Each structure stands twice: as structure tokens, then as C-alpha cells.
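Peer 1: Contents of run_39.pdb (PDB, C-alpha atoms):
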```pdb
ATOM      1  CA  MET A1017      54.446 -41.805  39.765
ATOM      2  CA  ARG A1018      53.174 -41.968  36.247
ATOM      3  CA  SER A1019      49.633 -42.666  37.397
ATOM      4  CA  LYS A1020      49.803 -39.733  39.818
ATOM      5  CA  LEU A1021      50.952 -37.441  37.020
ATOM      6  CA  LEU A1022      48.205 -38.683  34.722
ATOM      7  CA  LEU A1023      45.627 -38.221  37.486
ATOM      8  CA  LEU A1024      46.884 -34.709  38.179
ATOM      9  CA  LEU A1025      46.789 -33.803  34.477
ATOM     10  CA  THR A1026      43.244 -35.170  34.086
ATOM     11  CA  LEU A1027      42.110 -33.289  37.185
ATOM     12  CA  ALA A1028      43.644 -30.054  35.872
ATOM     13  CA  LEU A1029      41.834 -30.408  32.561
ATOM     14  CA  VAL A1030      38.487 -31.120  34.252
ATOM     15  CA  VAL A1031      38.791 -28.052  36.516
ATOM     16  CA  VAL A1032      40.310 -25.598  34.013
ATOM     17  CA  THR A1033      38.221 -26.469  30.890
ATOM     18  CA  PRO A1034      34.800 -25.277  32.239
ATOM     19  CA  ALA A1035      36.394 -22.092  33.547
ATOM     20  CA  LEU A1036      37.860 -21.316  30.127
ATOM     21  CA  ALA A1037      34.576 -22.038  28.348
ATOM     22  CA  GLN A1038      32.639 -19.603  30.537
ATOM     23  CA  THR A1039      34.787 -16.541  29.962
ATOM     24  CA  ALA A1040      33.826 -14.471  26.949
ATOM     25  CA  THR A1041      36.542 -13.811  24.480
ATOM     26  CA  PRO A1042      36.994 -10.278  23.123
ATOM     27  CA  THR A1043      36.135 -11.606  19.638
ATOM     28  CA  ALA A1044      32.762 -13.020  20.790
ATOM     29  CA  THR A1045      31.891  -9.785  22.611
ATOM     30  CA  LEU A1046      32.842  -7.713  19.584
ATOM     31  CA  ARG A1047      30.813  -9.989  17.294
ATOM     32  CA  ASP A1048      27.718  -9.688  19.535
ATOM     33  CA  SER A1049      28.140  -5.918  19.647
ATOM     34  CA  VAL A1050      28.358  -5.690  15.848
ATOM     35  CA  LYS A1051      25.308  -7.979  15.428
ATOM     36  CA  GLN A1052      23.288  -5.799  17.779
ATOM     37  CA  LYS A1053      24.332  -2.598  15.979
ATOM     38  CA  VAL A1054      23.466  -4.088  12.572
ATOM     39  CA  ALA A1055      20.045  -5.184  13.891
ATOM     40  CA  GLU A1056      19.387  -1.658  15.201
ATOM     41  CA  GLU A1057      20.399  -0.062  11.881
ATOM     42  CA  LEU A1058      18.185  -2.472   9.904
ATOM     43  CA  ALA A1059      15.246  -1.669  12.187
ATOM     44  CA  GLU A1060      15.757   2.068  11.527
ATOM     45  CA  ILE A1061      15.935   1.504   7.765
ATOM     46  CA  LYS A1062      12.729  -0.561   7.855
ATOM     47  CA  LYS A1063      10.977   2.249   9.751
ATOM     48  CA  SER A1064      11.941   4.829   7.128
ATOM     49  CA  ILE A1065      10.837   2.690   4.146
ATOM     50  CA  SER A1066       7.189   2.145   3.336
ATOM     51  CA  LYS A1067       5.391   0.298   0.568
ATOM     52  CA  LYS A1068       3.477   2.631  -1.751
ATOM     53  CA  ALA A1069       2.037   2.922  -5.233
ATOM     54  CA  PHE A1070       1.992   5.840  -7.680
ATOM     55  CA  LEU A1071      -0.472   6.169 -10.544
ATOM     56  CA  GLY A1072       0.195   8.657 -13.314
ATOM     57  CA  GLU A1073       1.662   9.616 -16.662
ATOM     58  CA  VAL A1074       5.379   9.230 -17.376
ATOM     59  CA  THR A1075       6.674  12.761 -18.070
ATOM     60  CA  ALA A1076      10.406  12.024 -18.258
ATOM     61  CA  LYS A1077      12.739   9.064 -18.433
ATOM     62  CA  SER A1078      16.456   8.830 -17.773
ATOM     63  CA  GLU A1079      18.625   5.716 -17.642
ATOM     64  CA  ALA A1080      16.937   4.120 -14.647
ATOM     65  CA  THR A1081      14.562   6.783 -13.335
ATOM     66  CA  LEU A1082      11.000   7.489 -14.372
ATOM     67  CA  THR A1083       9.351  10.776 -13.479
ATOM     68  CA  LEU A1084       5.591  10.783 -13.428
ATOM     69  CA  ASN A1085       2.804  13.242 -12.865
ATOM     70  CA  THR A1086       0.319  11.460 -10.587
ATOM     71  CA  TYR A1087      -3.432  11.642 -10.982
ATOM     72  CA  LEU A1088      -3.357  13.976  -7.951
ATOM     73  CA  GLY A1089      -1.047  16.355  -9.827
ATOM     74  CA  LEU A1090       2.108  15.496  -7.838
ATOM     75  CA  THR A1091       5.513  14.819  -9.381
ATOM     76  CA  LYS A1092       7.031  11.502  -8.275
ATOM     77  CA  SER A1093      10.076   9.511  -9.333
ATOM     78  CA  ALA A1094      10.728   5.786  -9.404
ATOM     79  CA  LEU A1095      13.976   3.897  -9.855
ATOM     80  CA  VAL A1096      13.373   1.039 -12.309
ATOM     81  CA  SER A1097      15.809  -1.832 -12.867
ATOM     82  CA  THR A1098      15.944  -5.215 -14.536
ATOM     83  CA  GLU A1099      14.713  -6.600 -11.191
ATOM     84  CA  THR A1100      11.443  -4.655 -11.581
ATOM     85  CA  ILE A1101       8.544  -6.789 -12.785
ATOM     86  CA  ILE A1102       7.034  -4.903 -15.734
ATOM     87  CA  LYS A1103       3.704  -5.736 -17.362
ATOM     88  CA  LEU A1104       2.739  -3.942 -20.554
ATOM     89  CA  LYS A1105      -0.774  -3.464 -21.921
ATOM     90  CA  GLY A1106      -2.322  -6.825 -22.675
ATOM     91  CA  GLY A1107      -0.323  -8.471 -19.867
ATOM     92  CA  LYS A1108       2.898  -8.917 -21.845
ATOM     93  CA  ASP A1109       6.181  -8.926 -19.912
ATOM     94  CA  GLY A1110       8.299  -5.829 -20.480
ATOM     95  CA  THR A1111      11.637  -4.232 -19.696
ATOM     96  CA  PRO A1112      12.544  -0.707 -18.568
ATOM     97  CA  ALA A1113      13.329   0.101 -22.230
ATOM     98  CA  ASP A1114       9.652  -0.525 -23.120
ATOM     99  CA  ILE A1115       8.417   2.317 -20.888
ATOM    100  CA  LYS A1116       8.024   5.585 -22.787
ATOM    101  CA  PRO A1117       6.993   9.138 -21.914
ATOM    102  CA  LYS A1118       3.197   9.563 -22.126
ATOM    103  CA  ASP A1119       2.646   5.959 -20.875
ATOM    104  CA  TYR A1120       0.165   5.831 -18.006
ATOM    105  CA  ILE A1121       1.543   3.556 -15.288
ATOM    106  CA  LEU A1122       0.862   2.105 -11.877
ATOM    107  CA  VAL A1123       4.193   1.619 -10.124
ATOM    108  CA  MET A1124       4.550  -0.122  -6.754
ATOM    109  CA  GLY A1125       7.571  -0.398  -4.503
ATOM    110  CA  ASP A1126       9.469   0.796  -1.462
ATOM    111  CA  VAL A1127       9.569   4.532  -0.781
ATOM    112  CA  ASP A1128      12.174   6.055   1.501
ATOM    113  CA  GLY A1129      11.779   9.066   3.789
ATOM    114  CA  ALA A1130      12.713  11.453   0.938
ATOM    115  CA  GLY A1131       9.888  10.110  -1.267
ATOM    116  CA  ALA A1132      12.123   8.212  -3.726
ATOM    117  CA  MET A1133      10.733   4.866  -4.870
ATOM    118  CA  VAL A1134      12.578   1.699  -5.767
ATOM    119  CA  ALA A1135      10.069   0.040  -8.106
ATOM    120  CA  LYS A1136       9.241  -3.607  -7.493
ATOM    121  CA  ARG A1137       6.346  -3.863  -9.954
ATOM    122  CA  LEU A1138       5.179  -1.637 -12.802
ATOM    123  CA  LEU A1139       1.998  -1.937 -14.865
ATOM    124  CA  VAL A1140       1.205   0.050 -18.006
ATOM    125  CA  VAL A1141      -2.516   0.811 -17.651
ATOM    126  CA  PRO A1142      -5.164   2.696 -19.616
ATOM    127  CA  VAL A1143      -5.764   6.310 -18.639
ATOM    128  CA  PRO A1144      -8.659   6.277 -16.172
ATOM    129  CA  THR A1145     -11.758   8.148 -17.219
ATOM    130  CA  ALA A1146     -12.898  11.029 -15.076
ATOM    131  CA  ASP A1147     -15.549  10.158 -12.516
ATOM    132  CA  THR A1148     -18.580  12.288 -13.322
ATOM    133  CA  ARG A1149     -20.721  11.016 -10.463
ATOM    134  CA  LYS A1150     -21.864  13.484  -7.831
ATOM    135  CA  ALA A1151     -23.789  13.347  -4.589
ATOM    136  CA  VAL A1152     -27.061  15.284  -4.370
ATOM    137  CA  PHE A1153     -28.844  16.041  -1.099
ATOM    138  CA  GLY A1154     -32.516  16.870  -0.872
ATOM    139  CA  LYS A1155     -36.080  15.624  -0.550
ATOM    140  CA  TYR A1156     -36.878  12.338  -2.258
ATOM    141  CA  SER A1157     -39.618  13.884  -4.388
ATOM    142  CA  GLU A1158     -37.384  16.750  -5.594
ATOM    143  CA  ILE A1159     -34.468  14.532  -6.560
ATOM    144  CA  THR A1160     -36.532  11.929  -8.385
ATOM    145  CA  ALA A1161     -38.459  14.644 -10.231
ATOM    146  CA  THR A1162     -35.250  16.040 -11.790
ATOM    147  CA  ALA A1163     -33.485  12.782 -12.734
ATOM    148  CA  LYS A1164     -34.190   9.434 -14.333
ATOM    149  CA  THR A1165     -34.780   6.776 -11.705
ATOM    150  CA  SER A1166     -34.808   3.823 -14.091
ATOM    151  CA  SER A1167     -31.106   3.194 -13.522
ATOM    152  CA  VAL A1168     -31.186   3.099  -9.704
ATOM    153  CA  THR A1169     -29.207   0.063  -8.580
ATOM    154  CA  ALA A1170     -29.245   0.541  -4.806
ATOM    155  CA  TYR A1171     -31.719   1.814  -2.260
ATOM    156  CA  THR A1172     -30.294   1.931   1.257
ATOM    157  CA  LYS A1173     -31.281   3.286   4.637
ATOM    158  CA  VAL A1174     -29.847   3.453   8.128
ATOM    159  CA  ASP A1175     -31.469   1.005  10.532
ATOM    160  CA  ALA A1176     -30.234   0.675  14.118
ATOM    161  CA  GLY A1177     -27.009   2.431  13.175
ATOM    162  CA  LYS A1178     -26.289   0.150  10.209
ATOM    163  CA  VAL A1179     -26.708   0.788   6.499
ATOM    164  CA  VAL A1180     -29.121  -1.798   5.104
ATOM    165  CA  LYS A1181     -30.843  -2.509   1.809
ATOM    166  CA  ALA A1182     -34.135  -0.638   1.478
ATOM    167  CA  LYS A1183     -37.285  -1.011  -0.623
ATOM    168  CA  THR A1184     -38.763   1.690  -2.793
ATOM    169  CA  THR A1185     -41.774   1.697  -0.463
ATOM    170  CA  ASP A1186     -39.488   2.978   2.339
ATOM    171  CA  PHE A1187     -39.113   6.279   0.450
ATOM    172  CA  LYS A1188     -41.746   8.985   0.871
ATOM    173  CA  ALA A1189     -41.981  12.336  -0.910
ATOM    174  CA  ASP A1190     -40.649  14.620   1.859
ATOM    175  CA  LEU A1191     -37.987  12.325   3.364
ATOM    176  CA  LYS A1192     -34.383  13.553   3.104
ATOM    177  CA  VAL A1193     -32.087  11.500   0.930
ATOM    178  CA  VAL A1194     -28.644  11.543  -0.628
ATOM    179  CA  ALA A1195     -28.518  10.343  -4.215
ATOM    180  CA  VAL A1196     -25.516   9.419  -6.320
ATOM    181  CA  VAL A1197     -26.168  10.907  -9.751
ATOM    182  CA  LYS A1198     -24.344  10.538 -13.060
ATOM    183  CA  GLY A1199     -25.569  12.883 -15.758
ATOM    184  CA  SER A1200     -29.357  12.826 -15.485
ATOM    185  CA  SER A1201     -29.513   9.281 -14.061
ATOM    186  CA  ILE A1202     -29.713   8.304 -10.404
ATOM    187  CA  LEU A1203     -27.349   5.433  -9.577
ATOM    188  CA  SER A1204     -28.295   4.987  -5.911
ATOM    189  CA  ILE A1205     -30.481   6.610  -3.274
ATOM    190  CA  HIS A1206     -29.689   6.606   0.439
ATOM    191  CA  LEU A1207     -32.440   7.396   2.919
ATOM    192  CA  LEU A1208     -31.143   9.524   5.805
ATOM    193  CA  PRO A1209     -32.294   8.800   9.358
ATOM    194  CA  VAL A1210     -35.170  10.982  10.493
ATOM    195  CA  SER A1211     -34.184  13.368  13.306
ATOM    196  CA  PRO A1212     -36.402  13.214  16.430
TER     197      PRO A1212
END
```
Let's see the structure in the file written out as C-alpha cells.
Peer 2:
Amino acid sequence: MRSKLLLLLTLALVVVTPALAQTATPTATLRDSVKQKVAEELAEIKKSISKKAFLGEVTAKSEATLTLNTYLGLTKSALVSTETIIKLKGGKDGTPADIKPKDYILVMGDVDGAGAMVAKRLLVVPVPTADTRKAVFGKYSEITATAKTSSVTAYTKVDAGKVVKAKTTDFKADLKVVAVVKGSSILSIHLLPVSP
């Protein structure tokens, strides 16, 4: 009798155990549902955040927020914390307390959909000088007659749809060119393709 009871008990465990293991418990279903919802929310947050950089002069500073006027004339703000890596002029490490109004900075970080930045890295940089170069279009002879050509560093032309290095002998008086000029000096001359 005892052996029959033991056999029956063993048989019951073998049959019932796999059936119990296959049914999902409400806790497991709830946990999977929460995990899926969290994953969806994180994906939405990642979509709305982008990595950007702002370059400009600090115009205001509060406890943790810097306001800067960018080189494009836009007003931007960046949240700076002790987690932000700050490099001062000369490469020295800095803190948010070291940043002052009138400092010119490059700040990089995550920007949300509203344009607010959480700064990851901040560099105090020199104020960039204005670019005084300009492009001039015309005949080769006219452009070279009005500017110094001694400083030309690049002669290029279009060959088979690609821009390639050119020789000064490729340039003739009446050919159309675009020149990059700074002051009275030509920096580069680009030979335009001749129209058929």
C-alpha cells in the first residue's frame, strides 16, 4: 500500500508540475507589461533628445543655468552641473563657478524638444575672428588683374564631374573662374567647366 501511495504521489507531481510551470502568473504578466511600457517610454525620450553644441558668449548665469548669445545671434540656455566636464583656457579643468558672463564658450550636450540643453562638456574658447574671405566670380584675367596672386594656395578645376587639382597653365584669360579672396589676395582659384 505504501509503495502504491508513493507511486501515485510521484505520478501526480510529474503530471502537475509541468502544467503549473506553463501557466503565466499575474505577477509575471504584469512585470512584462511594465517592462514593455518602460521600453516604449525610453524610446520616446530618446527620440526627443538630440546631441548638439552651442557656441557663443555667456550673457547671464544663474545657479546652474548659463544663457548664451550664439554666434548666429540666437539665445540658448544650458544646464551645467558638477557632472559637466569643464575645460578652461589653457586646458585647465574647471567648475561651473569658474564660468563668468562675457566668457566665450563651446557647450555640448543633450537638447530636448524645447531646446533646453543638459551640458555634458563645456570649453572656454577664444572669440573667433570674423571670416573676411569672399567668393568672386568672373573671367580669370579680370580677377587676377585686380588682386595679388602670389598667395594662391589652390588651383582646381572640374574634370569628369570631379574637382581635381589644376595647373596654372590650365587657366586662360577669358575662362570663367570663382576665386576665394581675402583683402586684396587670392587664396584659391576654381576653374568652372566650359559650357558646350
Peer 1: Considering all atoms listed in the file, return as a list in words whatever protein or nucleic-acid residues lie within 12 Å of Gly1106 of chain A, sequence-local ones (same chain, fewer than 5 positions apart) excluded.
Peer 2: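 Using all atoms listed in the file, the neighbours found are Leu1139, Val1140, Val1141 and Pro1142 of chain A.
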Peer 1: Restricting it to C-alpha atoms, dump the selection as a tab-separated table (two decimals), in the coordinates of the input.
Peer 2:
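Contents of the output file result.tsv:
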```tsv
chain	number	residue	atom	x	y	z
A	1139	LEU	CA	2.00	-1.94	-14.86
A	1140	VAL	CA	1.20	0.05	-18.01
A	1141	VAL	CA	-2.52	0.81	-17.65
A	1142	PRO	CA	-5.16	2.70	-19.62
```
Peer 1: Quote the spacing between atom CA of Val1096 of chain A and atom CA of Pro1144 of chain A in Å to one decimal place.
Peer 2: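 Atom-to-atom, atom CA of Val1096 of chain A and atom CA of Pro1144 of chain A are spaced 23.0 Å apart.
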Peer 1: Mind giving me the straight-line distance from atom CA of Ile1115 of chain A to atom CA of Thr1100 of chain A in Å, one decimal?
Peer 2: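 Result for atom CA of Ile1115 of chain A versus atom CA of Thr1100 of chain A: 12.0 Å, one decimal.
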Peer 1: Identify, on the basis of only C-alpha atoms, every residue whose closest approach to segment 1118-1135 of chain A does not exceed 7 Å; exclude the query and any residue fewer than 3 positions from it along the same chain; express the result as number ranges by chain.
Peer 2: A: 1064-1075, 1093-1096, 1100, 1115, 1138-1143
Peer 1: Report as a list in words the residues that result from applying the PyMOL selection byres ((chain A and resi 1152-1165) around 9) to the structure here.
Peer 2: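 For this structure, the PyMOL selection byres ((chain A and resi 1152-1165) around 9) captures Lys1150, Ala1151, Ser1166, Ser1167, Val1168, Phe1187, Lys1188, Ala1189, Asp1190, Leu1191, Lys1192, Val1193, Val1194, Ala1195, Val1196, Val1197, Gly1199, Ser1200, Ser1201, Ile1202, Leu1203, Ser1204, Ile1205 and Leu1207 of chain A.
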Peer 1: Convert the current residue selection to file output with C-alpha atoms, as a PDB file, in the coordinates of the input.
Peer 2:
```pdb
ATOM      1  CA  LYS A1150     -21.864  13.484  -7.831  1.00  0.00           C
ATOM      2  CA  ALA A1151     -23.789  13.347  -4.589  1.00  0.00           C
ATOM      3  CA  SER A1166     -34.808   3.823 -14.091  1.00  0.00           C
ATOM      4  CA  SER A1167     -31.106   3.194 -13.522  1.00  0.00           C
ATOM      5  CA  VAL A1168     -31.186   3.099  -9.704  1.00  0.00           C
ATOM      6  CA  PHE A1187     -39.113   6.279   0.450  1.00  0.00           C
ATOM      7  CA  LYS A1188     -41.746   8.985   0.871  1.00  0.00           C
ATOM      8  CA  ALA A1189     -41.981  12.336  -0.910  1.00  0.00           C
ATOM      9  CA  ASP A1190     -40.649  14.620   1.859  1.00  0.00           C
ATOM     10  CA  LEU A1191     -37.987  12.325   3.364  1.00  0.00           C
ATOM     11  CA  LYS A1192     -34.383  13.553   3.104  1.00  0.00           C
ATOM     12  CA  VAL A1193     -32.087  11.500   0.930  1.00  0.00           C
ATOM     13  CA  VAL A1194     -28.644  11.543  -0.628  1.00  0.00           C
ATOM     14  CA  ALA A1195     -28.518  10.343  -4.215  1.00  0.00           C
ATOM     15  CA  VAL A1196     -25.516   9.419  -6.320  1.00  0.00           C
ATOM     16  CA  VAL A1197     -26.168  10.907  -9.751  1.00  0.00           C
ATOM     17  CA  GLY A1199     -25.569  12.883 -15.758  1.00  0.00           C
ATOM     18  CA  SER A1200     -29.357  12.826 -15.485  1.00  0.00           C
ATOM     19  CA  SER A1201     -29.513   9.281 -14.061  1.00  0.00           C
ATOM     20  CA  ILE A1202     -29.713   8.304 -10.404  1.00  0.00           C
ATOM     21  CA  LEU A1203     -27.349   5.433  -9.577  1.00  0.00           C
ATOM     22  CA  SER A1204     -28.295   4.987  -5.911  1.00  0.00           C
ATOM     23  CA  ILE A1205     -30.481   6.610  -3.274  1.00  0.00           C
ATOM     24  CA  LEU A1207     -32.440   7.396   2.919  1.00  0.00           C
TER      25      LEU A1207
END
```
Peer 1: Between atom CA of Glu1079 of chain A and atom CA of Glu1099 of chain A, what is the distance, to one decimal in Å?
Peer 2: 14.4 Å
Peer 1: Specify the axis-aligned box that encloses all atoms of segment 1110-1120 of chain A listed in the file after padding of 4 Å on each side, stating its centre and edge lengths in Å to one decimal as AutoDock Vina command-line options.
Peer 2:
```
--center_x 6.7 --center_y 1.9 --center_z -20.6 --size_x 21.2 --size_y 23.4 --size_z 13.1
```
Peer 1: What's the 10 Å shell around Val1179 of chain A, counting all atoms listed in the file, without same-chain residues fewer than 3 positions away, as a PyMOL selection string?
Peer 2: chain A and resi 1172-1176+1182+1206-1208
Peer 1: From the list A:Thr1145, A:Thr1185, A:Ser1078, A:Asn1085, which residue is nearest Pro1112 of chain A when using only C-alpha atoms?
Peer 2: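 Using only C-alpha atoms, the shortest distance to Pro1112 of chain A belongs to A:Ser1078.
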